[in-house]
Structure formats: C-alpha cells, structure tokens
file structure.pdb (PDB, C-alpha atoms and all ligand atoms)
ATOM      1  CA  MET S   1      59.507  96.854 -13.073  1.00  0.00           C
ATOM      2  CA  VAL S   2      59.271  94.260 -15.770  1.00  0.00           C
ATOM      3  CA  SER S   3      55.853  93.073 -14.640  1.00  0.00           C
ATOM      4  CA  ARG S   4      54.544  96.633 -14.416  1.00  0.00           C
ATOM      5  CA  LEU S   5      55.631  97.320 -18.011  1.00  0.00           C
ATOM      6  CA  THR S   6      53.972  94.094 -19.131  1.00  0.00           C
ATOM      7  CA  PHE S   7      50.747  95.091 -17.431  1.00  0.00           C
ATOM      8  CA  VAL S   8      50.757  98.455 -19.176  1.00  0.00           C
ATOM      9  CA  ALA S   9      51.393  96.822 -22.532  1.00  0.00           C
ATOM     10  CA  VAL S  10      48.566  94.316 -22.111  1.00  0.00           C
ATOM     11  CA  ALA S  11      46.181  97.033 -20.917  1.00  0.00           C
ATOM     12  CA  ALA S  12      46.991  99.178 -23.938  1.00  0.00           C
ATOM     13  CA  ILE S  13      46.402  96.291 -26.359  1.00  0.00           C
ATOM     14  CA  CYS S  14      43.230  95.212 -24.631  1.00  0.00           C
ATOM     15  CA  SER S  15      41.713  98.664 -24.965  1.00  0.00           C
ATOM     16  CA  SER S  16      42.400  98.823 -28.695  1.00  0.00           C
ATOM     17  CA  THR S  17      39.817  98.070 -31.354  1.00  0.00           C
ATOM     18  CA  ALA S  18      42.175  95.622 -33.019  1.00  0.00           C
ATOM     19  CA  TYR S  19      42.231  93.430 -29.964  1.00  0.00           C
ATOM     20  CA  ALA S  20      38.464  93.302 -29.764  1.00  0.00           C
ATOM     21  CA  GLN S  21      38.280  91.996 -33.318  1.00  0.00           C
ATOM     22  CA  GLN S  22      40.866  89.252 -32.816  1.00  0.00           C
ATOM     23  CA  PRO S  23      39.881  85.939 -31.278  1.00  0.00           C
ATOM     24  CA  LEU S  24      42.362  84.851 -28.608  1.00  0.00           C
ATOM     25  CA  SER S  25      42.892  81.541 -30.368  1.00  0.00           C
ATOM     26  CA  VAL S  26      44.630  83.008 -33.432  1.00  0.00           C
ATOM     27  CA  PRO S  27      48.111  81.445 -33.393  1.00  0.00           C
ATOM     28  CA  GLY S  28      50.897  83.928 -33.051  1.00  0.00           C
ATOM     29  CA  HIS S  29      48.617  86.822 -32.213  1.00  0.00           C
ATOM     30  CA  VAL S  30      50.463  89.331 -30.081  1.00  0.00           C
ATOM     31  CA  VAL S  31      47.960  89.290 -27.220  1.00  0.00           C
ATOM     32  CA  THR S  32      47.983  85.490 -27.057  1.00  0.00           C
ATOM     33  CA  SER S  33      51.759  85.285 -26.892  1.00  0.00           C
ATOM     34  CA  LEU S  34      52.003  88.101 -24.357  1.00  0.00           C
ATOM     35  CA  ALA S  35      49.429  86.430 -22.139  1.00  0.00           C
ATOM     36  CA  SER S  36      50.918  82.961 -22.366  1.00  0.00           C
ATOM     37  CA  ALA S  37      54.463  84.209 -21.863  1.00  0.00           C
ATOM     38  CA  THR S  38      53.905  86.550 -18.941  1.00  0.00           C
ATOM     39  CA  VAL S  39      50.551  85.914 -17.256  1.00  0.00           C
ATOM     40  CA  VAL S  40      49.854  82.183 -17.617  1.00  0.00           C
ATOM     41  CA  ALA S  41      53.320  80.822 -16.882  1.00  0.00           C
ATOM     42  CA  PRO S  42      52.141  77.309 -15.837  1.00  0.00           C
ATOM     43  CA  THR S  43      50.529  76.861 -19.265  1.00  0.00           C
ATOM     44  CA  VAL S  44      53.841  77.603 -20.975  1.00  0.00           C
ATOM     45  CA  MET S  45      55.488  74.877 -18.927  1.00  0.00           C
ATOM     46  CA  ALA S  46      52.682  72.442 -19.734  1.00  0.00           C
ATOM     47  CA  GLN S  47      52.962  73.110 -23.462  1.00  0.00           C
ATOM     48  CA  GLY S  48      56.459  71.683 -23.486  1.00  0.00           C
ATOM     49  CA  MET S  49      55.283  68.392 -22.080  1.00  0.00           C
ATOM     50  CA  LYS S  50      54.536  65.436 -24.264  1.00  0.00           C
ATOM     51  CA  MET S  51      53.621  62.011 -23.024  1.00  0.00           C
ATOM     52  CA  THR S  52      53.835  58.987 -25.256  1.00  0.00           C
ATOM     53  CA  ALA S  53      52.724  55.396 -24.945  1.00  0.00           C
ATOM     54  CA  THR S  54      53.505  52.225 -26.841  1.00  0.00           C
ATOM     55  CA  LEU S  55      50.312  50.218 -27.090  1.00  0.00           C
ATOM     56  CA  THR S  56      50.774  46.478 -26.790  1.00  0.00           C
ATOM     57  CA  PRO S  57      48.310  43.710 -27.666  1.00  0.00           C
ATOM     58  CA  GLN S  58      46.350  42.253 -24.773  1.00  0.00           C
ATOM     59  CA  LYS S  59      45.354  38.645 -24.223  1.00  0.00           C
ATOM     60  CA  GLY S  60      47.061  37.242 -27.300  1.00  0.00           C
ATOM     61  CA  GLY S  61      45.564  39.814 -29.665  1.00  0.00           C
ATOM     62  CA  THR S  62      47.255  41.707 -32.481  1.00  0.00           C
ATOM     63  CA  VAL S  63      46.295  45.343 -31.909  1.00  0.00           C
ATOM     64  CA  ALA S  64      49.391  47.465 -31.304  1.00  0.00           C
ATOM     65  CA  GLY S  65      50.172  51.135 -31.767  1.00  0.00           C
ATOM     66  CA  LYS S  66      51.258  54.447 -30.346  1.00  0.00           C
ATOM     67  CA  ALA S  67      49.593  57.272 -28.440  1.00  0.00           C
ATOM     68  CA  THR S  68      50.569  60.825 -27.566  1.00  0.00           C
ATOM     69  CA  VAL S  69      49.212  63.355 -25.091  1.00  0.00           C
ATOM     70  CA  GLN S  70      50.285  66.987 -25.175  1.00  0.00           C
ATOM     71  CA  ALA S  71      48.998  70.535 -24.765  1.00  0.00           C
ATOM     72  CA  GLY S  72      46.604  71.776 -27.426  1.00  0.00           C
ATOM     73  CA  SER S  73      46.874  75.117 -29.210  1.00  0.00           C
ATOM     74  CA  GLY S  74      44.216  76.676 -26.992  1.00  0.00           C
ATOM     75  CA  ALA S  75      44.944  77.430 -23.344  1.00  0.00           C
ATOM     76  CA  GLY S  76      43.680  74.729 -21.034  1.00  0.00           C
ATOM     77  CA  THR S  77      43.302  72.087 -23.731  1.00  0.00           C
ATOM     78  CA  THR S  78      45.015  68.794 -24.364  1.00  0.00           C
ATOM     79  CA  VAL S  79      45.283  66.817 -27.584  1.00  0.00           C
ATOM     80  CA  ALA S  80      45.495  63.043 -27.430  1.00  0.00           C
ATOM     81  CA  THR S  81      46.249  60.947 -30.504  1.00  0.00           C
ATOM     82  CA  VAL S  82      46.297  57.236 -31.140  1.00  0.00           C
ATOM     83  CA  SER S  83      47.354  55.177 -34.140  1.00  0.00           C
ATOM     84  CA  LEU S  84      46.870  51.425 -34.386  1.00  0.00           C
ATOM     85  CA  THR S  85      48.014  48.509 -36.476  1.00  0.00           C
ATOM     86  CA  GLY S  86      46.810  44.928 -36.435  1.00  0.00           C
ATOM     87  CA  GLY S  87      43.151  45.755 -35.935  1.00  0.00           C
ATOM     88  CA  THR S  88      40.221  43.806 -37.337  1.00  0.00           C
ATOM     89  CA  PRO S  89      39.094  45.542 -40.562  1.00  0.00           C
ATOM     90  CA  GLY S  90      35.762  47.260 -40.008  1.00  0.00           C
ATOM     91  CA  ALA S  91      35.910  46.979 -36.234  1.00  0.00           C
ATOM     92  CA  VAL S  92      35.056  50.044 -34.126  1.00  0.00           C
ATOM     93  CA  TYR S  93      37.341  50.577 -31.150  1.00  0.00           C
ATOM     94  CA  PRO S  94      36.460  53.049 -28.403  1.00  0.00           C
ATOM     95  CA  TRP S  95      39.522  54.475 -26.651  1.00  0.00           C
ATOM     96  CA  HIS S  96      40.425  56.831 -23.812  1.00  0.00           C
ATOM     97  CA  VAL S  97      43.204  58.167 -21.676  1.00  0.00           C
ATOM     98  CA  HIS S  98      42.605  56.625 -18.256  1.00  0.00           C
ATOM     99  CA  VAL S  99      43.971  57.451 -14.813  1.00  0.00           C
ATOM    100  CA  GLY S 100      46.229  54.717 -13.485  1.00  0.00           C
ATOM    101  CA  LYS S 101      48.110  52.029 -15.386  1.00  0.00           C
ATOM    102  CA  CYS S 102      47.502  49.098 -17.701  1.00  0.00           C
ATOM    103  CA  GLY S 103      46.110  46.005 -16.084  1.00  0.00           C
ATOM    104  CA  MET S 104      44.207  47.753 -13.297  1.00  0.00           C
ATOM    105  CA  MET S 105      41.079  45.857 -12.235  1.00  0.00           C
ATOM    106  CA  PRO S 106      38.752  47.581 -12.396  1.00  0.00           C
ATOM    107  CA  GLY S 107      40.186  50.053 -14.898  1.00  0.00           C
ATOM    108  CA  GLY S 108      40.945  53.617 -13.866  1.00  0.00           C
ATOM    109  CA  LYS S 109      38.470  56.358 -14.677  1.00  0.00           C
ATOM    110  CA  VAL S 110      38.545  58.162 -18.003  1.00  0.00           C
ATOM    111  CA  TRP S 111      40.704  61.301 -17.932  1.00  0.00           C
ATOM    112  CA  GLY S 112      38.573  64.280 -19.102  1.00  0.00           C
ATOM    113  CA  ASP S 113      35.233  64.217 -20.890  1.00  0.00           C
ATOM    114  CA  GLY S 114      34.740  60.715 -22.260  1.00  0.00           C
ATOM    115  CA  SER S 115      32.697  62.000 -25.193  1.00  0.00           C
ATOM    116  CA  ALA S 116      35.769  63.824 -26.509  1.00  0.00           C
ATOM    117  CA  TYR S 117      37.274  60.465 -27.469  1.00  0.00           C
ATOM    118  CA  LYS S 118      35.631  59.372 -30.708  1.00  0.00           C
ATOM    119  CA  PRO S 119      35.684  55.625 -31.426  1.00  0.00           C
ATOM    120  CA  MET S 120      37.844  54.745 -34.415  1.00  0.00           C
ATOM    121  CA  THR S 121      36.931  52.491 -37.313  1.00  0.00           C
ATOM    122  CA  VAL S 122      39.627  50.122 -38.514  1.00  0.00           C
ATOM    123  CA  GLY S 123      40.504  50.309 -42.210  1.00  0.00           C
ATOM    124  CA  SER S 124      40.903  47.370 -44.578  1.00  0.00           C
ATOM    125  CA  ASP S 125      44.655  47.371 -43.834  1.00  0.00           C
ATOM    126  CA  GLY S 126      44.081  46.947 -40.114  1.00  0.00           C
ATOM    127  CA  THR S 127      45.104  50.479 -39.186  1.00  0.00           C
ATOM    128  CA  ALA S 128      43.131  53.182 -37.400  1.00  0.00           C
ATOM    129  CA  THR S 129      43.796  56.643 -36.029  1.00  0.00           C
ATOM    130  CA  SER S 130      41.926  59.076 -33.833  1.00  0.00           C
ATOM    131  CA  THR S 131      42.510  62.453 -32.216  1.00  0.00           C
ATOM    132  CA  ALA S 132      40.723  63.857 -29.188  1.00  0.00           C
ATOM    133  CA  THR S 133      40.794  67.401 -27.822  1.00  0.00           C
ATOM    134  CA  ILE S 134      40.091  67.513 -24.102  1.00  0.00           C
ATOM    135  CA  SER S 135      39.080  70.738 -22.357  1.00  0.00           C
ATOM    136  CA  MET S 136      41.633  70.375 -19.583  1.00  0.00           C
ATOM    137  CA  ALA S 137      45.292  71.297 -19.257  1.00  0.00           C
ATOM    138  CA  PRO S 138      47.658  68.336 -19.678  1.00  0.00           C
ATOM    139  CA  PRO S 139      48.238  66.340 -16.515  1.00  0.00           C
ATOM    140  CA  SER S 140      51.449  67.313 -14.738  1.00  0.00           C
ATOM    141  CA  SER S 141      51.692  64.434 -12.295  1.00  0.00           C
ATOM    142  CA  GLY S 142      50.297  60.992 -11.674  1.00  0.00           C
ATOM    143  CA  GLY S 143      49.981  57.912 -13.823  1.00  0.00           C
ATOM    144  CA  TYR S 144      47.947  57.641 -17.028  1.00  0.00           C
ATOM    145  CA  TYR S 145      47.404  55.036 -19.697  1.00  0.00           C
ATOM    146  CA  VAL S 146      45.614  54.569 -23.017  1.00  0.00           C
ATOM    147  CA  ASN S 147      43.068  51.786 -23.407  1.00  0.00           C
ATOM    148  CA  ILE S 148      41.693  50.420 -26.647  1.00  0.00           C
ATOM    149  CA  HIS S 149      38.333  48.741 -26.028  1.00  0.00           C
ATOM    150  CA  ALA S 150      37.067  45.800 -28.093  1.00  0.00           C
ATOM    151  CA  SER S 151      33.831  47.479 -29.219  1.00  0.00           C
ATOM    152  CA  PRO S 152      31.167  49.923 -28.029  1.00  0.00           C
ATOM    153  CA  SER S 153      29.180  46.944 -26.716  1.00  0.00           C
ATOM    154  CA  ASP S 154      32.214  45.274 -25.143  1.00  0.00           C
ATOM    155  CA  MET S 155      33.993  48.003 -23.238  1.00  0.00           C
ATOM    156  CA  GLY S 156      35.212  45.495 -20.653  1.00  0.00           C
ATOM    157  CA  THR S 157      37.538  43.759 -23.101  1.00  0.00           C
ATOM    158  CA  ILE S 158      40.793  45.650 -23.629  1.00  0.00           C
ATOM    159  CA  VAL S 159      42.473  44.774 -26.929  1.00  0.00           C
ATOM    160  CA  SER S 160      45.513  47.031 -26.504  1.00  0.00           C
ATOM    161  CA  CYS S 161      47.001  49.165 -23.744  1.00  0.00           C
ATOM    162  CA  GLY S 162      49.962  51.430 -23.091  1.00  0.00           C
ATOM    163  CA  ASN S 163      51.211  53.362 -20.084  1.00  0.00           C
ATOM    164  CA  LEU S 164      51.914  57.029 -20.781  1.00  0.00           C
ATOM    165  CA  GLY S 165      55.343  58.305 -19.892  1.00  0.00           C
ATOM    166  CA  MET S 166      57.195  61.578 -20.365  1.00  0.00           C
TER     167      MET S 166
HETATM  168 CU    CU R   1      38.504  53.573 -21.936  1.00  0.00          CU
END

call {"tool": "encode", "arguments": {"input": "structure.pdb", "output": "structure tokens"}}
result
Amino acid sequence: MVSRLTFVAVAAICSSTAYAQQPLSVPGHVVTSLASATVVAPTVMAQGMKMTATLTPQKGGTVAGKATVQAGSGAGTTVATVSLTGGTPGAVYPWHVHVGKCGMMPGGKVWGDGSAYKPMTVGSDGTATSTATISMAPPSSGGYYVNIHASPSDMGTIVSCGNLGM
C-alpha cells in the first residue's frame, strides 16, 4: 500500500508543469527527495558512506595529507578530495583513487575516469588541495587507495599514499 501511494504521488508530480521546469539536481527539490528516498534506496545507503585516508610520505619524502571519498550531490556521483602538506612549492602532483592498496607493484588501476582527477599545484607554503567528481556511485566493497604521483612526467614515482577505510 505504501509503495502504491508513492507511485501515485511521483506520477502526479511528474505530470505537472512545475516538475518539467525543475532540474533533478536542485537540492531539496521534492521530486529528488521522493526519488532518492523511495525508488533509489541503494543510493541513499551509499550517501551515508564516507571513506578517509591518511596519506603518508613515501621513500623518505615529506608529502603527507588526508583524502576523503563520499557520495556526491547528484545520483551516481562520487566526490574525492585530497589535501597535502610538505609538498615542493610549485610542483604539480597528479593524483587518483586507485583499486587495491598502497605499495602494490604494479599499482592498481585508477578508479573511475582518470581525467576527473585534476593535478594539483603546490603553493609556496607546501600545501595543495584538489577535488574530483567521478561519474560513478561510491564503491561499496573492495580495497581502494589514494596515490600522489611525483609529476605528470614521472607517474611511476609515488610521493605519498594512503589506504581508504570506512
Ligand atoms: Cu594515480
């Protein structure tokens, strides 16, 4: 009975002019919350998940930091963030969420579209931050880690790494 009422409510909203003029991505919009609460239950569960990683310097380096991975505001998206300290001012560090764990040889594949991860430029104080939005729902199982690469021309050298955990 509950699901039948929900269906009727969604159908009524969907046929209205107001719905047609509202993009689904507007936060708090009634259609978005109805859909995420009653139709796309797995997404609701995923949105509560947040993975974090502590990034530790590799091979005697100084680059440390933190990373987070959690559901984005749009359905089926994930936002990954990274913040670093101890970087070389002016350096450009590519980074990704990878499948697997730190220290894998060879490294695990990039999770999601690699071009979504923009390389970050280190400031004069040695810090850097970056945010990537990936067009996939957050991972719900398996192992993942965040790699910081030495430079766009030296992807093989990892200057910092952290395993992602719940
Ligand atoms: Cu990488």

call {"tool": "residues_near_ligand", "arguments": {"input": "structure.pdb", "ligand": "ligand CU 1 (chain R)", "cutoff": "6 Å", "atoms": "only C-alpha atoms and all ligand atoms", "output": "list of chain:residue names"}}
result
S:Trp95, S:His96, S:Asn147

call {"tool": "resolve_selection", "arguments": {"input": "structure.pdb", "expression": "the PyMOL selection byres (((chain S and resi 151) around 8) and not hetatm)", "output": "VMD selection string"}}
result
chain S and resid 91 to 94 149 to 150 152 to 155

call {"tool": "closest_residue", "arguments": {"input": "structure.pdb", "among": "S:Gly107, S:Gly100, S:Gly90, S:Gly142", "to": "Met120 of chain S", "atoms": "only C-alpha atoms"}}
result
S:Gly90

call {"tool": "residues_around", "arguments": {"input": "structure.pdb", "residues": "Gly76 of chain S", "least_positions_apart": "4", "cutoff": "7 Å", "atoms": "all atoms listed in the file", "output": "ChimeraX atom specification"}}
result
/S:135-137

call {"tool": "atom_distance", "arguments": {"input": "structure.pdb", "atom1": "atom CA of Cys102 of chain S", "atom2": "atom CA of Gly74 of chain S"}}
result
29.3 Å

call {"tool": "residues_around", "arguments": {"input": "structure.pdb", "residues": "Val122 of chain S", "least_positions_apart": "4", "cutoff": "10 Å", "atoms": "only C-alpha atoms", "output": "PyMOL selection string"}}
result
chain S and resi 84-93+126-129

call {"tool": "resolve_selection", "arguments": {"input": "structure.pdb", "expression": "the PyMOL selection byres (((chain S and resi 157-160) around 8) and not hetatm)", "output": "CSV table (one decimal) with C-alpha atoms, in the frame of the given file"}}
result
chain,number,residue,atom,x,y,z
S,55,LEU,CA,50.3,50.2,-27.1
S,56,THR,CA,50.8,46.5,-26.8
S,57,PRO,CA,48.3,43.7,-27.7
S,58,GLN,CA,46.4,42.3,-24.8
S,59,LYS,CA,45.4,38.6,-24.2
S,61,GLY,CA,45.6,39.8,-29.7
S,62,THR,CA,47.3,41.7,-32.5
S,63,VAL,CA,46.3,45.3,-31.9
S,64,ALA,CA,49.4,47.5,-31.3
S,147,ASN,CA,43.1,51.8,-23.4
S,148,ILE,CA,41.7,50.4,-26.6
S,149,HIS,CA,38.3,48.7,-26.0
S,150,ALA,CA,37.1,45.8,-28.1
S,154,ASP,CA,32.2,45.3,-25.1
S,155,MET,CA,34.0,48.0,-23.2
S,156,GLY,CA,35.2,45.5,-20.7
S,161,CYS,CA,47.0,49.2,-23.7
S,162,GLY,CA,50.0,51.4,-23.1

call {"tool": "closest_residue", "arguments": {"input": "structure.pdb", "among": "S:Thr131, S:Ser141, S:Ser124, S:Ser115", "to": "Thr68 of chain S", "atoms": "all atoms listed in the file"}}
result
S:Thr131

call {"tool": "resolve_selection", "arguments": {"input": "structure.pdb", "expression": "the PyMOL selection byres (((chain S and resi 82) around 6) and not hetatm)", "output": "list in words"}}
result
Lys66, Ala67, Thr81, Ser83, Thr129 and Ser130 of chain S

call {"tool": "residues_around", "arguments": {"input": "structure.pdb", "residues": "Thr133 of chain S", "least_positions_apart": "4", "cutoff": "12 Å", "atoms": "only C-alpha atoms", "output": "short mmCIF file (atom, residue, chain, number, x, y, z; two decimals) with C-alpha atoms, in the coordinates of the input"}}
result
data_model
loop_
_atom_site.label_atom_id
_atom_site.label_comp_id
_atom_site.auth_asym_id
_atom_site.auth_seq_id
_atom_site.Cartn_x
_atom_site.Cartn_y
_atom_site.Cartn_z
CA THR S 68 50.57 60.82 -27.57
CA VAL S 69 49.21 63.36 -25.09
CA GLN S 70 50.28 66.99 -25.18
CA ALA S 71 49.00 70.54 -24.76
CA GLY S 72 46.60 71.78 -27.43
CA SER S 73 46.87 75.12 -29.21
CA GLY S 74 44.22 76.68 -26.99
CA ALA S 75 44.94 77.43 -23.34
CA GLY S 76 43.68 74.73 -21.03
CA THR S 77 43.30 72.09 -23.73
CA THR S 78 45.02 68.79 -24.36
CA VAL S 79 45.28 66.82 -27.58
CA ALA S 80 45.50 63.04 -27.43
CA THR S 81 46.25 60.95 -30.50
CA HIS S 96 40.42 56.83 -23.81
CA VAL S 97 43.20 58.17 -21.68
CA TRP S 111 40.70 61.30 -17.93
CA GLY S 112 38.57 64.28 -19.10
CA ASP S 113 35.23 64.22 -20.89
CA GLY S 114 34.74 60.72 -22.26
CA SER S 115 32.70 62.00 -25.19
CA ALA S 116 35.77 63.82 -26.51
CA TYR S 117 37.27 60.46 -27.47
CA LYS S 118 35.63 59.37 -30.71
CA ALA S 137 45.29 71.30 -19.26
CA PRO S 138 47.66 68.34 -19.68
#

call {"tool": "atom_distance", "arguments": {"input": "structure.pdb", "atom1": "atom CA of Met166 of chain S", "atom2": "atom CA of Thr52 of chain S"}}
result
6.5 Å
